[in-house]
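Asker: First, the structure itself, so that you have it in front of you.
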Amino acid sequence: MRLCLDQHYAPQIAAVLRERGHDVISAEAEGELRGLPDEELLAFCVRERRGLVTENAADFMPLVHQLAARGDEHYGLVFSSPASMPRGADTIGLFIEALERLLRECPAEGALRNQVRWLRPPP
């Protein structure tokens with residue numbers, strides 16, 4: 001599975017996951033993706049067959065419903081919650097571990113096609 005981290009996440013998360021052999025990019029680190037409107041970021045992820053990791057369920061869920069209404073597909077949305085997984089310099093390792101677990105559980109390209117998941121903190 002290929003992932004794109006929304007600009008809210010530290011680019012170091014994607015860098016470490018790439019070092020571990022996963023195809024993960026960071027919108028914050030990719031010049032053409034930084035600051036893109038949500039619709040355009042999701043369209044990029046669809047074109048690139050990437051799941052999108054974001055904390056922004058309020059904006060992305062309506063976009064997913066619009067895709068479904070048109071009969072279009074997406075390659076997965078993975079939401080995190082600031083309540084269970086707050087973002088910060090001291091939680092980068094937490095996100096790396098949780099995302100790596102998801103990537104190991106769903107290694108195939110398109111494994112999350114048309115699915116929405118919530119990222120769970122490691123046990």
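Just remember, in the structure tokens the first chain shown is A, the second B, etc., residues are 1-based per chain, and ligands are 1-based in the order shown.
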Please build the interface table for region 15-52 of chain A against region 87-109 of chain A with a cut-off of 9 Å, listing for each qualifying residue the nearest atom pair and the distance in Å to one decimal; count only C-alpha atoms, order rows by chain and increasing number, and write it as JSON lines.
Answerer:
{"residue": "A:Val16", "atom": "CA", "partner": "A:Ile96", "partner_atom": "CA", "distance": 7.4}
{"residue": "A:Leu17", "atom": "CA", "partner": "A:Ile96", "partner_atom": "CA", "distance": 6.8}
{"residue": "A:Arg20", "atom": "CA", "partner": "A:Glu100", "partner_atom": "CA", "distance": 8.8}
{"residue": "A:His22", "atom": "CA", "partner": "A:Leu103", "partner_atom": "CA", "distance": 7.6}
{"residue": "A:Arg49", "atom": "CA", "partner": "A:Glu109", "partner_atom": "CA", "distance": 7.6}
{"residue": "A:Arg50", "atom": "CA", "partner": "A:Glu109", "partner_atom": "CA", "distance": 8.2}
Asker: Kindly export the residues of the current selection with C-alpha atoms, as a PDB file, in the first residue's frame.
Answerer:
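Listing of result_13.pdb after writing:
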ATOM      1  CA  VAL A  16      11.459   6.831   8.548  1.00  0.00           C
ATOM      2  CA  LEU A  17       8.753   4.686   6.940  1.00  0.00           C
ATOM      3  CA  ARG A  20      11.919   0.866   6.411  1.00  0.00           C
ATOM      4  CA  HIS A  22       7.371   1.574   2.659  1.00  0.00           C
ATOM      5  CA  ARG A  49      -3.166   5.269  -5.989  1.00  0.00           C
ATOM      6  CA  ARG A  50      -2.215   6.379  -2.494  1.00  0.00           C
TER       7      ARG A  50
END
Asker: Check region 64-122 of chain A with DSSP on the backbone and list each residue it calls strand (DSSP E or B), as a list in words.
Answerer: Leu77, Val78, Phe79, Val116, Arg117 and Trp118 of chain A
Asker: For Leu67 (chain A), which residue out of A:Leu41, A:Asp6, A:Pro86, A:Asn114 is the nearest one, using only C-alpha atoms?
Answerer: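 Smallest distance to Leu67 (chain A) is found for A:Asn114.
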Asker: Write out as a PyMOL selection string the residues lying within 12 Å of Leu33 (chain A), counting only C-alpha atoms and excluding same-chain residues fewer than 2 positions away.
Answerer: chain A and resi 4-7+25-31+35-45
Asker: Looking only at alpha helix (DSSP H) from DSSP on the backbone, list the matching residues of region 5-123 of chain A as a PyMOL selection string.
Answerer: chain A and resi 11-19+38-48+57-70+92-105
Asker: Which residues are near Leu3 (chain A)? Cut-off 6 Å, only C-alpha atoms, ignore same chain within fewer than 3 positions. Put them as number ranges by chain.
Answerer: A: 24, 50-52
Asker: Tell me, in Å to one decimal, how far CA of Asp23 (chain A) is from CA of His8 (chain A).
Answerer: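 Between CA of Asp23 (chain A) and CA of His8 (chain A) the gap works out to 18.4 Å.
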Asker: Would you please work out which residue, of A:Arg18, A:Arg47, A:His74, A:Arg2, is nearest to Val116 (chain A) when using only C-alpha atoms?
Answerer: A:His74
Asker: Please, what distance in Å, to one decimal, runs between CA of His65 (chain A) and CA of Ile13 (chain A)?
Answerer: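 Between CA of His65 (chain A) and CA of Ile13 (chain A) the gap works out to 28.3 Å.
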